[in-house]
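**Student:** Contents of model.csv (CSV, C-alpha atoms):
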```
chain,number,residue,atom,x,y,z
A,36,ASN,CA,44.1,20.7,24.1
A,37,ILE,CA,44.5,17.6,21.9
A,38,PHE,CA,44.5,14.3,23.7
A,39,ASP,CA,45.9,11.2,22.0
A,40,PHE,CA,45.5,8.0,23.8
A,41,ASN,CA,48.4,6.6,21.9
A,42,ASP,CA,50.8,9.2,23.4
A,43,ASP,CA,53.1,7.8,26.1
A,44,GLU,CA,53.2,11.3,27.7
A,45,THR,CA,51.2,11.7,30.8
A,46,VAL,CA,48.1,13.8,30.2
A,47,GLU,CA,48.5,17.2,31.6
A,48,GLU,CA,46.5,17.8,34.8
A,49,GLU,CA,43.8,20.3,34.1
A,50,THR,CA,42.0,22.6,36.5
A,51,GLY,CA,38.2,22.7,36.6
A,52,PRO,CA,35.7,19.9,36.1
A,53,SER,CA,36.7,16.9,34.1
A,54,VAL,CA,35.3,13.7,32.6
A,55,ASN,CA,36.8,10.3,33.1
A,56,LEU,CA,36.8,8.2,30.0
A,57,TRP,CA,38.5,4.8,29.9
A,58,GLY,CA,40.5,5.7,33.0
A,59,VAL,CA,41.7,9.1,31.8
A,60,ASP,CA,40.4,12.5,33.0
A,61,TYR,CA,39.7,15.1,30.3
A,62,SER,CA,39.0,18.7,31.0
A,63,ILE,CA,35.5,19.8,30.0
A,64,GLU,CA,36.7,23.3,29.3
A,65,ASN,CA,39.9,22.7,27.4
A,66,THR,CA,39.4,19.4,25.5
A,67,THR,CA,38.6,20.3,21.9
A,68,GLU,CA,40.0,17.3,20.1
A,69,LEU,CA,39.9,13.7,21.3
A,70,ASP,CA,41.6,11.0,19.1
A,71,LEU,CA,41.3,7.6,20.7
A,72,SER,CA,41.3,5.7,17.4
A,73,ASN,CA,43.2,2.3,17.2
A,74,SER,CA,43.4,2.2,21.0
A,75,GLY,CA,42.0,-1.2,21.8
A,76,LEU,CA,39.0,0.4,23.6
A,77,THR,CA,36.3,-2.0,24.8
A,78,GLY,CA,32.9,-1.7,26.5
A,79,GLU,CA,30.4,1.0,25.8
A,80,ILE,CA,30.8,4.6,24.9
A,81,PRO,CA,30.2,6.4,28.3
A,82,SER,CA,27.3,8.8,28.3
A,83,GLU,CA,29.6,11.3,30.1
A,84,ILE,CA,31.3,11.9,26.7
A,85,GLY,CA,28.4,14.3,26.1
A,86,ASN,CA,29.9,16.6,28.8
A,87,LEU,CA,32.8,17.5,26.6
A,88,THR,CA,30.8,20.2,24.9
A,89,ASN,CA,33.8,22.0,23.5
A,90,LEU,CA,34.9,19.1,21.4
A,91,ILE,CA,35.5,19.9,17.7
A,92,GLN,CA,36.9,16.5,16.7
A,93,LEU,CA,36.2,13.1,18.1
A,94,SER,CA,37.6,9.9,16.9
A,95,LEU,CA,36.9,6.5,18.4
A,96,TYR,CA,37.6,4.8,15.1
A,97,ASN,CA,38.8,1.2,14.9
A,98,ASN,CA,38.3,-0.1,18.4
A,99,GLN,CA,36.2,-2.9,19.9
A,100,LEU,CA,33.4,-0.7,21.3
A,101,THR,CA,30.1,-2.3,21.9
A,102,GLY,CA,26.6,-1.3,23.0
A,103,SER,CA,24.6,1.7,21.6
A,104,ILE,CA,25.7,5.2,20.9
A,105,PRO,CA,24.6,7.3,23.9
A,106,SER,CA,22.0,10.0,23.1
A,107,GLU,CA,24.3,12.5,24.9
A,108,ILE,CA,26.4,12.5,21.7
A,109,GLY,CA,24.0,15.1,20.6
A,110,ASN,CA,25.3,17.5,23.2
A,111,LEU,CA,28.5,17.9,21.2
A,112,THR,CA,27.1,20.5,19.0
A,113,ASN,CA,30.5,22.0,18.1
A,114,LEU,CA,31.8,18.9,16.4
A,115,THR,CA,33.1,19.2,12.9
A,116,GLU,CA,34.5,15.7,12.7
A,117,LEU,CA,33.2,12.5,14.2
A,118,TYR,CA,34.6,9.0,13.6
A,119,LEU,CA,32.9,6.0,15.2
A,120,GLY,CA,33.5,3.4,12.5
A,121,ASN,CA,35.1,0.0,12.7
A,122,ASN,CA,33.6,-1.0,16.1
A,123,GLN,CA,30.9,-3.3,17.2
A,124,LEU,CA,28.3,-0.7,18.0
A,125,THR,CA,24.7,-1.9,18.1
A,126,GLY,CA,21.2,-0.6,18.4
A,127,GLU,CA,19.8,2.5,16.7
A,128,ILE,CA,21.7,5.7,16.1
A,129,PRO,CA,20.1,8.3,18.4
A,130,GLU,CA,18.1,11.0,16.7
A,131,SER,CA,20.0,13.5,18.9
A,132,ILE,CA,23.0,13.0,16.7
A,133,CYS,CA,21.3,15.5,14.3
A,134,ASP,CA,21.6,18.2,17.0
A,135,ILE,CA,25.3,18.3,16.0
A,136,ASN,CA,25.8,21.2,13.7
A,137,MET,CA,28.5,19.6,11.5
A,138,ASN,CA,28.5,19.3,7.7
A,139,TRP,CA,27.5,15.7,7.3
A,140,ASN,CA,29.6,13.9,4.7
A,141,ASN,CA,31.8,10.9,4.3
A,142,GLN,CA,35.0,12.9,4.8
A,143,HIS,CA,34.2,14.2,8.3
A,144,PHE,CA,31.8,11.5,9.5
A,145,ARG,CA,32.5,7.7,9.6
A,146,ILE,CA,30.2,5.3,11.3
A,147,ASP,CA,30.5,2.3,8.9
A,148,ASN,CA,31.4,-1.3,9.8
A,149,ASN,CA,29.3,-1.5,12.9
A,150,GLN,CA,26.1,-3.3,13.7
A,151,LEU,CA,23.8,-0.3,13.8
A,152,CYS,CA,20.2,-0.8,13.0
A,153,PRO,CA,17.7,1.1,10.9
A,154,PRO,CA,15.8,3.3,10.7
A,155,TYR,CA,18.7,5.8,10.6
A,156,PRO,CA,18.3,9.5,11.5
A,157,SER,CA,17.7,11.6,8.3
A,158,CYS,CA,20.9,13.6,8.8
A,159,VAL,CA,23.1,10.6,8.6
A,160,GLU,CA,21.1,8.0,6.6
A,161,ASP,CA,23.2,8.6,3.4
A,162,TYR,CA,26.5,8.1,5.3
A,163,VAL,CA,26.0,5.0,7.5
A,164,GLY,CA,27.9,2.8,5.1
A,165,GLU,CA,28.2,-0.9,5.6
A,166,GLN,CA,26.3,-2.2,8.7
A,167,ASP,CA,25.8,-5.8,9.9
A,168,THR,CA,22.0,-5.7,10.6
A,169,SER,CA,21.6,-9.5,11.1
A,170,ASP,CA,20.8,-9.0,14.8
A,171,CYS,CA,18.6,-6.0,14.4
A,172,GLU,CA,14.9,-5.8,15.1
A,173,ASP,CA,13.3,-6.7,11.8
A,174,PHE,CA,12.9,-3.9,9.3
A,175,VAL,CA,11.9,-3.8,5.7
A,176,GLU,CA,13.6,-1.5,3.2
A,177,LEU,CA,11.2,-0.2,0.6
A,178,TRP,CA,12.1,2.5,-1.9
A,179,GLY,CA,15.0,3.7,0.3
A,180,GLU,CA,13.0,3.9,3.6
A,181,TYR,CA,13.0,1.5,6.5
A,182,TYR,CA,9.8,0.2,8.0
A,183,SER,CA,9.5,-1.7,11.3
A,184,ILE,CA,7.8,-5.1,10.8
A,185,GLU,CA,6.4,-4.9,14.3
A,186,ASN,CA,5.1,-1.4,14.4
A,187,THR,CA,4.1,-0.5,10.8
A,188,THR,CA,0.3,-0.9,10.7
A,189,VAL,CA,-0.4,1.6,7.8
A,190,LEU,CA,1.7,2.2,4.7
A,191,ASP,CA,0.4,5.1,2.6
A,192,LEU,CA,2.8,5.9,-0.2
A,193,SER,CA,0.1,7.1,-2.6
A,194,ASN,CA,1.1,9.8,-5.1
A,195,SER,CA,4.7,9.6,-4.1
A,196,GLY,CA,6.4,9.2,-7.5
A,197,LEU,CA,7.4,5.6,-6.8
A,198,THR,CA,8.8,3.7,-9.8
A,199,GLY,CA,10.0,0.2,-10.4
A,200,GLU,CA,8.4,-3.0,-9.2
A,201,ILE,CA,6.7,-3.7,-5.9
A,202,PRO,CA,9.4,-5.4,-3.8
A,203,PRO,CA,8.5,-8.9,-2.6
A,204,GLU,CA,9.8,-7.8,0.8
A,205,ILE,CA,6.6,-5.9,1.2
A,206,GLY,CA,5.1,-9.2,2.3
A,207,ASN,CA,7.1,-9.1,5.5
A,208,LEU,CA,5.0,-6.2,6.9
A,209,ILE,CA,2.6,-8.7,8.4
A,210,ASN,CA,1.1,-6.1,10.9
A,211,LEU,CA,-0.2,-3.9,8.1
A,212,ARG,CA,-3.9,-3.6,8.7
A,213,GLY,CA,-5.3,0.0,8.5
A,214,GLY,CA,-8.4,1.4,10.1
A,215,PHE,CA,-9.5,4.6,11.7
A,216,TYR,CA,-6.9,6.9,13.2
A,217,GLY,CA,-7.1,10.4,14.8
A,218,TYR,CA,-8.1,11.9,18.1
A,219,PHE,CA,-10.8,14.4,17.2
A,220,ILE,CA,-11.5,13.7,13.6
A,221,GLN,CA,-11.0,10.1,12.7
A,222,THR,CA,-9.8,9.2,9.2
A,223,PHE,CA,-9.9,5.8,7.6
A,224,TYR,CA,-6.5,4.7,6.3
A,225,LEU,CA,-6.1,1.7,4.0
A,226,GLY,CA,-3.5,-0.7,5.4
A,227,LEU,CA,-1.5,-0.5,2.1
A,228,ASN,CA,-2.0,2.3,-0.4
A,229,LEU,CA,0.5,2.5,-3.3
A,230,SER,CA,-2.0,4.2,-5.7
A,231,ASP,CA,-1.2,7.0,-8.1
A,232,ASN,CA,2.5,6.1,-8.8
A,233,LEU,CA,4.5,4.7,-11.7
A,234,LEU,CA,4.9,1.2,-10.4
A,235,THR,CA,5.5,-1.5,-13.0
A,236,GLY,CA,5.9,-5.3,-13.0
A,237,SER,CA,3.6,-7.7,-11.5
A,238,ILE,CA,1.9,-7.8,-8.1
A,239,PRO,CA,4.1,-10.0,-5.9
A,240,PRO,CA,2.5,-13.1,-4.5
A,241,GLU,CA,4.0,-12.2,-1.2
A,242,ILE,CA,1.3,-9.7,-0.8
A,243,GLY,CA,-0.8,-12.7,0.3
A,244,ASN,CA,1.2,-12.7,3.5
A,245,LEU,CA,-0.5,-9.5,4.7
A,246,THR,CA,-3.4,-11.3,6.2
A,247,ASN,CA,-4.3,-8.5,8.6
A,248,LEU,CA,-4.9,-6.0,5.8
A,249,THR,CA,-8.3,-4.3,5.8
A,250,GLY,CA,-7.7,-2.2,2.7
A,251,LEU,CA,-5.4,-2.6,-0.4
A,252,ASP,CA,-5.1,0.1,-3.1
A,253,LEU,CA,-2.7,-0.4,-6.1
A,254,SER,CA,-4.8,1.6,-8.5
A,255,ASN,CA,-3.5,4.1,-11.1
A,256,ASN,CA,-0.1,2.5,-11.8
A,257,GLU,CA,1.4,0.6,-14.7
A,258,LEU,CA,1.2,-2.9,-13.2
A,259,THR,CA,1.2,-5.9,-15.5
A,260,GLY,CA,0.8,-9.6,-15.1
A,261,SER,CA,-2.0,-11.5,-13.4
A,262,ILE,CA,-3.7,-11.0,-10.1
A,263,PRO,CA,-2.0,-13.5,-7.8
A,264,SER,CA,-4.1,-16.3,-6.4
A,265,GLU,CA,-2.6,-15.5,-3.0
A,266,ILE,CA,-5.0,-12.5,-2.8
A,267,GLY,CA,-7.4,-15.0,-1.5
A,268,ASN,CA,-5.4,-15.2,1.8
A,269,LEU,CA,-6.4,-11.6,2.6
A,270,THR,CA,-9.6,-12.6,4.4
A,271,ASN,CA,-9.8,-9.4,6.4
A,272,LEU,CA,-9.9,-7.1,3.4
A,273,THR,CA,-12.9,-4.8,3.1
A,274,GLN,CA,-11.7,-2.7,0.2
A,275,LEU,CA,-9.6,-3.8,-2.8
A,276,TYR,CA,-8.7,-1.4,-5.6
A,277,PHE,CA,-6.5,-2.6,-8.6
A,278,TYR,CA,-8.1,-0.3,-11.2
A,279,ASN,CA,-6.3,1.6,-14.0
A,280,ASN,CA,-3.4,-0.7,-14.5
A,281,GLN,CA,-2.5,-3.2,-17.3
A,282,LEU,CA,-3.3,-6.4,-15.5
A,283,THR,CA,-3.9,-9.5,-17.6
A,284,GLY,CA,-5.1,-13.0,-17.0
A,285,SER,CA,-8.3,-14.1,-15.3
A,286,ILE,CA,-9.8,-13.0,-12.0
A,287,PRO,CA,-8.6,-15.8,-9.6
A,288,SER,CA,-11.4,-17.9,-8.1
A,289,GLU,CA,-9.6,-17.4,-4.7
A,290,ILE,CA,-11.2,-13.9,-4.7
A,291,GLY,CA,-14.2,-15.7,-3.3
A,292,ASN,CA,-12.3,-16.3,0.0
A,293,VAL,CA,-12.2,-12.6,0.8
A,294,THR,CA,-15.7,-12.6,2.2
A,295,ASN,CA,-15.4,-9.3,4.2
A,296,LEU,CA,-15.0,-7.3,1.0
A,297,THR,CA,-17.4,-4.4,0.6
A,298,LYS,CA,-15.8,-2.7,-2.4
A,299,LEU,CA,-14.0,-4.4,-5.3
A,300,ASN,CA,-12.8,-2.4,-8.2
A,301,LEU,CA,-10.8,-3.9,-11.0
A,302,ARG,CA,-11.8,-1.6,-13.8
A,303,ASN,CA,-9.7,-0.5,-16.7
A,304,ASN,CA,-7.3,-3.4,-17.0
A,305,GLN,CA,-6.9,-6.1,-19.6
A,306,LEU,CA,-8.4,-9.0,-17.6
A,307,THR,CA,-9.7,-11.9,-19.6
A,308,GLY,CA,-11.6,-15.1,-18.9
A,309,SER,CA,-15.0,-15.4,-17.1
A,310,ILE,CA,-16.2,-13.9,-13.9
A,311,PRO,CA,-15.6,-16.7,-11.3
A,312,PRO,CA,-18.8,-18.0,-9.7
A,313,GLU,CA,-17.0,-17.7,-6.4
A,314,ILE,CA,-17.8,-14.0,-6.6
A,315,GLY,CA,-21.1,-15.0,-5.1
A,316,ASN,CA,-19.4,-15.7,-1.8
A,317,LEU,CA,-18.7,-12.0,-1.3
A,318,THR,CA,-22.1,-11.3,0.3
A,319,ASN,CA,-20.9,-8.1,2.0
A,320,LEU,CA,-20.1,-6.3,-1.3
A,321,THR,CA,-21.8,-3.0,-1.9
A,322,GLU,CA,-19.7,-2.0,-5.0
A,323,LEU,CA,-18.6,-4.4,-7.7
A,324,ILE,CA,-16.7,-2.8,-10.6
A,325,PHE,CA,-15.2,-4.9,-13.4
A,326,ARG,CA,-15.9,-2.5,-16.3
A,327,SER,CA,-13.6,-1.9,-19.2
A,328,ASN,CA,-11.8,-5.2,-19.3
A,329,GLN,CA,-11.9,-8.1,-21.8
A,330,LEU,CA,-14.0,-10.4,-19.7
A,331,THR,CA,-15.9,-13.2,-21.5
A,332,GLY,CA,-18.4,-15.9,-20.6
A,333,SER,CA,-21.7,-15.4,-18.9
A,334,ILE,CA,-22.7,-13.4,-15.8
A,335,PRO,CA,-22.7,-16.1,-13.1
A,336,SER,CA,-26.0,-16.7,-11.5
A,337,GLU,CA,-24.2,-16.6,-8.2
A,338,ILE,CA,-24.1,-12.8,-8.5
A,339,GLY,CA,-27.7,-12.9,-7.2
A,340,ASN,CA,-26.2,-13.7,-3.7
A,341,LEU,CA,-24.8,-10.2,-3.5
A,342,THR,CA,-27.9,-8.7,-2.0
A,343,ASN,CA,-26.0,-5.8,-0.4
A,344,LEU,CA,-24.8,-4.5,-3.8
A,345,THR,CA,-25.7,-0.9,-4.5
A,346,LEU,CA,-23.5,-0.6,-7.6
A,347,LEU,CA,-22.8,-3.1,-10.3
A,348,TYR,CA,-20.6,-2.1,-13.3
A,349,LEU,CA,-19.8,-4.9,-15.8
A,350,TYR,CA,-20.0,-2.7,-18.9
A,351,ASP,CA,-17.4,-2.5,-21.7
A,352,ASN,CA,-16.5,-6.2,-21.7
A,353,GLU,CA,-17.2,-9.1,-24.0
A,354,LEU,CA,-19.7,-10.9,-21.8
A,355,THR,CA,-22.1,-13.3,-23.5
A,356,GLY,CA,-25.1,-15.4,-22.5
A,357,SER,CA,-28.3,-14.0,-20.9
A,358,ILE,CA,-28.8,-11.7,-18.0
A,359,PRO,CA,-29.4,-14.2,-15.1
A,360,PRO,CA,-32.9,-13.9,-13.5
A,361,GLU,CA,-31.1,-13.9,-10.1
A,362,ILE,CA,-30.2,-10.3,-10.8
A,363,GLY,CA,-33.6,-9.6,-9.4
A,364,ASN,CA,-32.4,-10.4,-5.9
A,365,LEU,CA,-30.2,-7.3,-5.9
A,366,THR,CA,-32.9,-5.1,-4.5
A,367,ASN,CA,-30.5,-2.6,-3.1
A,368,LEU,CA,-29.0,-1.7,-6.5
A,369,THR,CA,-29.0,1.9,-7.4
A,370,LEU,CA,-26.7,1.7,-10.4
A,371,LEU,CA,-26.7,-1.2,-12.9
A,372,TYR,CA,-24.5,-0.9,-16.0
A,373,LEU,CA,-24.3,-3.9,-18.4
A,374,PHE,CA,-24.0,-2.0,-21.6
A,375,ASN,CA,-21.4,-2.7,-24.4
A,376,ASN,CA,-21.2,-6.4,-24.0
A,377,GLN,CA,-22.5,-9.3,-26.2
A,378,LEU,CA,-25.4,-10.3,-23.9
A,379,THR,CA,-28.2,-12.3,-25.6
A,380,GLY,CA,-31.6,-13.6,-24.7
A,381,SER,CA,-34.4,-11.7,-23.2
A,382,ILE,CA,-34.5,-9.2,-20.3
A,383,PRO,CA,-35.6,-11.2,-17.3
A,384,PRO,CA,-38.9,-10.0,-15.7
A,385,GLU,CA,-37.1,-10.1,-12.3
A,386,ILE,CA,-35.5,-6.8,-13.4
A,387,GLY,CA,-38.7,-5.2,-12.1
A,388,ASN,CA,-37.7,-6.0,-8.5
A,389,LEU,CA,-34.9,-3.4,-8.6
A,390,THR,CA,-37.1,-0.6,-7.5
A,391,ASN,CA,-34.2,1.4,-6.0
A,392,LEU,CA,-32.4,1.9,-9.3
A,393,TRP,CA,-31.4,5.4,-10.3
A,394,TYR,CA,-29.3,4.3,-13.3
A,395,LEU,CA,-29.9,1.4,-15.7
A,396,SER,CA,-28.0,0.8,-18.9
A,397,LEU,CA,-28.4,-2.4,-20.9
A,398,GLY,CA,-27.6,-0.8,-24.3
A,399,GLY,CA,-25.1,-2.0,-26.9
A,400,ASN,CA,-25.8,-5.7,-26.5
A,401,GLN,CA,-27.7,-8.4,-28.5
A,402,LEU,CA,-30.8,-8.7,-26.3
A,403,THR,CA,-33.8,-10.1,-28.0
A,404,GLY,CA,-37.5,-10.8,-27.3
A,405,GLU,CA,-40.0,-8.5,-25.8
A,406,ILE,CA,-39.3,-6.2,-22.9
A,407,PRO,CA,-41.1,-7.5,-19.8
A,408,ILE,CA,-43.9,-5.3,-18.4
A,409,GLU,CA,-42.3,-5.6,-15.0
A,410,ILE,CA,-39.7,-3.1,-16.1
A,411,CYS,CA,-42.4,-0.5,-15.5
A,412,ASN,CA,-42.0,-1.1,-11.7
A,413,LEU,CA,-38.8,1.0,-12.0
A,414,ASN,CA,-40.6,4.3,-12.6
A,415,ILE,CA,-38.5,4.9,-15.7
A,416,GLY,CA,-39.4,8.5,-15.9
A,417,ASP,CA,-37.8,9.0,-12.4
A,418,LEU,CA,-34.5,7.3,-13.4
A,419,ASN,CA,-31.5,9.6,-13.8
A,420,TYR,CA,-30.3,7.5,-16.6
A,421,PHE,CA,-31.9,4.8,-18.7
A,422,ASN,CA,-30.4,3.2,-21.8
A,423,ILE,CA,-31.7,0.2,-23.6
A,424,THR,CA,-30.8,1.2,-27.2
A,425,ILE,CA,-28.8,-0.8,-29.8
A,426,ASN,CA,-30.3,-4.2,-29.0
A,427,GLN,CA,-32.7,-6.5,-30.9
A,428,LEU,CA,-35.7,-6.0,-28.6
A,429,CYS,CA,-39.1,-6.5,-30.2
A,430,PRO,CA,-42.3,-4.5,-30.0
A,431,PRO,CA,-44.8,-4.0,-28.6
A,432,TYR,CA,-42.9,-2.1,-26.0
A,433,PRO,CA,-44.4,-1.4,-22.5
A,434,SER,CA,-45.9,2.1,-22.5
A,435,CYS,CA,-43.7,3.2,-19.7
A,436,ILE,CA,-40.6,2.9,-21.9
A,437,GLU,CA,-41.8,3.3,-25.4
A,438,ASP,CA,-40.2,6.7,-25.6
A,439,TYR,CA,-36.9,5.4,-24.4
A,440,VAL,CA,-36.2,2.2,-26.5
A,441,GLY,CA,-34.1,4.0,-29.0
A,442,ASN,CA,-32.6,2.2,-32.0
A,443,GLN,CA,-33.5,-1.5,-32.1
A,444,ASP,CA,-32.7,-4.1,-34.8
A,445,THR,CA,-36.2,-5.7,-35.2
A,446,SER,CA,-35.4,-7.7,-38.3
A,447,ASP,CA,-35.8,-11.0,-36.5
A,448,CYS,CA,-39.0,-10.0,-34.6
A,449,ASP,CA,-42.3,-11.5,-35.5
```
Would you mind writing the file out in structure tokens?
**Tutor:**
Amino acid sequence: NIFDFNDDETVEEETGPSVNLWGVDYSIENTTELDLSNSGLTGEIPSEIGNLTNLIQLSLYNNQLTGSIPSEIGNLTNLTELYLGNNQLTGEIPESICDINMNWNNQHFRIDNNQLCPPYPSCVEDYVGEQDTSDCEDFVELWGEYYSIENTTVLDLSNSGLTGEIPPEIGNLINLRGGFYGYFIQTFYLGLNLSDNLLTGSIPPEIGNLTNLTGLDLSNNELTGSIPSEIGNLTNLTQLYFYNNQLTGSIPSEIGNVTNLTKLNLRNNQLTGSIPPEIGNLTNLTELIFRSNQLTGSIPSEIGNLTNLTLLYLYDNELTGSIPPEIGNLTNLTLLYLFNNQLTGSIPPEIGNLTNLWYLSLGGNQLTGEIPIEICNLNIGDLNYFNITINQLCPPYPSCIEDYVGNQDTSDCD
């Protein structure tokens, strides 16, 4: 039977169980089409509508219905047409709507012009049309998906084929933090991981709003522009990866505010300017990687404050000045790569304090003077890699390294 609320005829009395909707009884067995569009209906959609399991067509279009769509709508698995648009429906669309076996499209499904909130069930997300979401719980739309501001603590979209710029709205996800997740085997998740995509444009300064973040990875993209100074707001960060992009400008001094950092990797960009002395504030760092940029100026003496460093990569830059003697404070270093810069002056004897080194490369600079005997404290023969070639170091060379000095320009030696 087809029931039309607009008919003046009295609805035929049916035998068997029925459902009362808006003051009218409808047979559960015989009601297959229900058109109550343009009927001035108010209030909420009764959950009992889900009992009309033989419905094929349901239209509640263009009324004044409020409240949420009842989850029982998913019981109407025989529906081929569903029209709920032009009402004042609120809340989220229940996931159960996807239990309906209809062919979802804009011809047979209308839910537009309501106040329904994201995230939307996957079966209907392309067909929700215009919605007034001003009163919804706050969500952020990023790359076509909705994320709850309140509940999103990890956003891992690495290797997802993302293109375009990072939306500034990402700064609204203020509960992003990351950490260890899992019951039996715990895995560490960075709070925000957008690595290995095709992202372009600059890093939005709004990223500085994510003050709960413990990990941030934007590596392996095509990002340009400078590192925003707002990065200094992320004082809970322990890991920061911006490597393999096309970032320019200088390293902001505000990086020194991020004192919980243990790993900082900015390699393979086009960064210029000097290493800020504020880097010495990052006393929890174990890995500092600035290699393959265009950094100039001297290595700041404050680098000697980073006594937890195990890895220091400053090679392939344009650094000048001498190696600061404070480098001898970094007694936990296992890898020290300073090659291919324009470093001058002599090798400080304090280099001999670095007895945990496995790899040492000072080659391709303009180092002068004699090599300090203290370098023999490093057990050069036990190092996995040692390179001091292509400098201007003068003999006599300490016996422990005389077989390893390689090519030296000694024209200015005595």
**Student:** Can you write out as CSV which residues of range 113-221 of chain A fall within 10 Å of range 249-261 of chain A, alongside each residue's closest atom pair and its distance in Å to one decimal, counting all atoms listed in the file and ordering rows by chain and ascending residue number?
**Tutor:**
```
residue,atom,partner,partner_atom,distance
A:Val189,CA,A:Gly250,CA,9.7
A:Leu190,CA,A:Leu251,CA,10.0
A:Asp191,CA,A:Asp252,CA,9.4
A:Ser193,CA,A:Asp252,CA,8.7
A:Asn194,CA,A:Asn255,CA,9.5
A:Leu197,CA,A:Asn256,CA,9.5
A:Thr198,CA,A:Asn256,CA,9.2
A:Gly199,CA,A:Glu257,CA,9.6
A:Glu200,CA,A:Leu258,CA,8.2
A:Ile201,CA,A:Leu258,CA,9.2
A:Leu211,CA,A:Thr249,CA,8.4
A:Arg212,CA,A:Thr249,CA,5.3
A:Gly213,CA,A:Thr249,CA,5.9
A:Gly214,CA,A:Thr249,CA,7.1
```
**Student:** Rounded to one decimal, what separation in Å do you get between CA of Asn319 in chain A and CA of Gly291 in chain A?
**Tutor:** 11.4 Å
**Student:** So that I can check the surroundings of Asp449 in chain A, please list as a PyMOL selection string every protein, DNA and RNA residue that reaches within 12 Å of it, counting only C-alpha atoms and ignoring chain neighbours fewer than 2 positions away.
**Tutor:** chain A and resi 403-405+427-431+445-447
**Student:** Now that the selection is made, can you save its residues with C-alpha atoms as an mmCIF file, keeping the file's coordinate frame?
**Tutor:**
```
data_model
loop_
_atom_site.group_PDB
_atom_site.id
_atom_site.type_symbol
_atom_site.label_atom_id
_atom_site.label_comp_id
_atom_site.auth_asym_id
_atom_site.auth_seq_id
_atom_site.Cartn_x
_atom_site.Cartn_y
_atom_site.Cartn_z
ATOM 1 C CA THR A 403 -33.800 -10.100 -28.000
ATOM 2 C CA GLY A 404 -37.500 -10.800 -27.300
ATOM 3 C CA GLU A 405 -40.000 -8.500 -25.800
ATOM 4 C CA GLN A 427 -32.700 -6.500 -30.900
ATOM 5 C CA LEU A 428 -35.700 -6.000 -28.600
ATOM 6 C CA CYS A 429 -39.100 -6.500 -30.200
ATOM 7 C CA PRO A 430 -42.300 -4.500 -30.000
ATOM 8 C CA PRO A 431 -44.800 -4.000 -28.600
ATOM 9 C CA THR A 445 -36.200 -5.700 -35.200
ATOM 10 C CA SER A 446 -35.400 -7.700 -38.300
ATOM 11 C CA ASP A 447 -35.800 -11.000 -36.500
#
```
**Student:** Grab the CA of Ser237 in chain A to CA of Glu185 in chain A distance for me, in Å with one decimal place.
**Tutor:**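 A separation of 26.1 Å between them.
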**Student:** With only C-alpha atoms as the basis for distance, which of A:Thr125, A:Thr342, A:Asn136, A:Thr318 is at the shortest distance from Glu172 in chain A?
**Tutor:** A:Thr125
**Student:** Out of A:Thr222, A:Ile135, A:Pro129, A:Ile146, which residue has the shortest atom-to-atom distance to Ser94 in chain A when counting all atoms listed in the file?
**Tutor:**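 Using all atoms listed in the file, Ser94 in chain A sits closest to A:Ile146.
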**Student:** Need the shell around Asn140 in chain A: protein/DNA/RNA residues with any atom at most 9 Å away, counting all atoms listed in the file. Skip same-chain ones fewer than 2 positions apart. Format as a PDB file with C-alpha atoms, in the coordinates of the input?
**Tutor:**
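The new file out_0.pdb reads:
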```pdb
ATOM      1  CA  MET A 137      28.500  19.600  11.500  1.00  0.00           C
ATOM      2  CA  ASN A 138      28.500  19.300   7.700  1.00  0.00           C
ATOM      3  CA  GLN A 142      35.000  12.900   4.800  1.00  0.00           C
ATOM      4  CA  HIS A 143      34.200  14.200   8.300  1.00  0.00           C
ATOM      5  CA  PHE A 144      31.800  11.500   9.500  1.00  0.00           C
ATOM      6  CA  ARG A 145      32.500   7.700   9.600  1.00  0.00           C
ATOM      7  CA  VAL A 159      23.100  10.600   8.600  1.00  0.00           C
ATOM      8  CA  ASP A 161      23.200   8.600   3.400  1.00  0.00           C
ATOM      9  CA  TYR A 162      26.500   8.100   5.300  1.00  0.00           C
TER      10      TYR A 162
END
```
**Student:** Quick one, how far is CA of Cys411 in chain A from CA of Leu395 in chain A?
**Tutor:**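 CA of Leu395 in chain A lies at a distance of 12.6 Å from CA of Cys411 in chain A.
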**Student:** Excluding Gly284 in chain A and residues on its chain fewer than 4 positions from it, collect all residues at most 12 Å away from it, counting all atoms listed in the file, and give them as a PyMOL selection string.
**Tutor:** chain A and resi 237+259-264+288+304-310+328-331
**Student:** Smallest atom-to-atom distance to Ser434 in chain A: which of A:Asn414, A:Asn388, A:Ser131, A:Asn422, using all atoms listed in the file?
**Tutor:**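 Nearest candidate to Ser434 in chain A out of A:Asn414, A:Asn388, A:Ser131, A:Asn422: A:Asn414.
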**Student:** Can you tell me, as a compact mmCIF listing (two decimals) with C-alpha atoms, in the coordinates of the input, which residues sit within 10 Å of (-17.3, -15.5, -10.0) in the file's frame, using only C-alpha atoms?
**Tutor:**
```
# COMPACT_ATOMS: atom_id res chain seq x y z
CA ILE A 286 -9.80 -13.00 -12.00
CA PRO A 287 -8.60 -15.80 -9.60
CA SER A 288 -11.40 -17.90 -8.10
CA GLU A 289 -9.60 -17.40 -4.70
CA ILE A 290 -11.20 -13.90 -4.70
CA GLY A 291 -14.20 -15.70 -3.30
CA SER A 309 -15.00 -15.40 -17.10
CA ILE A 310 -16.20 -13.90 -13.90
CA PRO A 311 -15.60 -16.70 -11.30
CA PRO A 312 -18.80 -18.00 -9.70
CA GLU A 313 -17.00 -17.70 -6.40
CA ILE A 314 -17.80 -14.00 -6.60
CA GLY A 315 -21.10 -15.00 -5.10
CA ASN A 316 -19.40 -15.70 -1.80
CA LEU A 317 -18.70 -12.00 -1.30
CA SER A 333 -21.70 -15.40 -18.90
CA ILE A 334 -22.70 -13.40 -15.80
CA PRO A 335 -22.70 -16.10 -13.10
CA SER A 336 -26.00 -16.70 -11.50
CA GLU A 337 -24.20 -16.60 -8.20
CA ILE A 338 -24.10 -12.80 -8.50
```
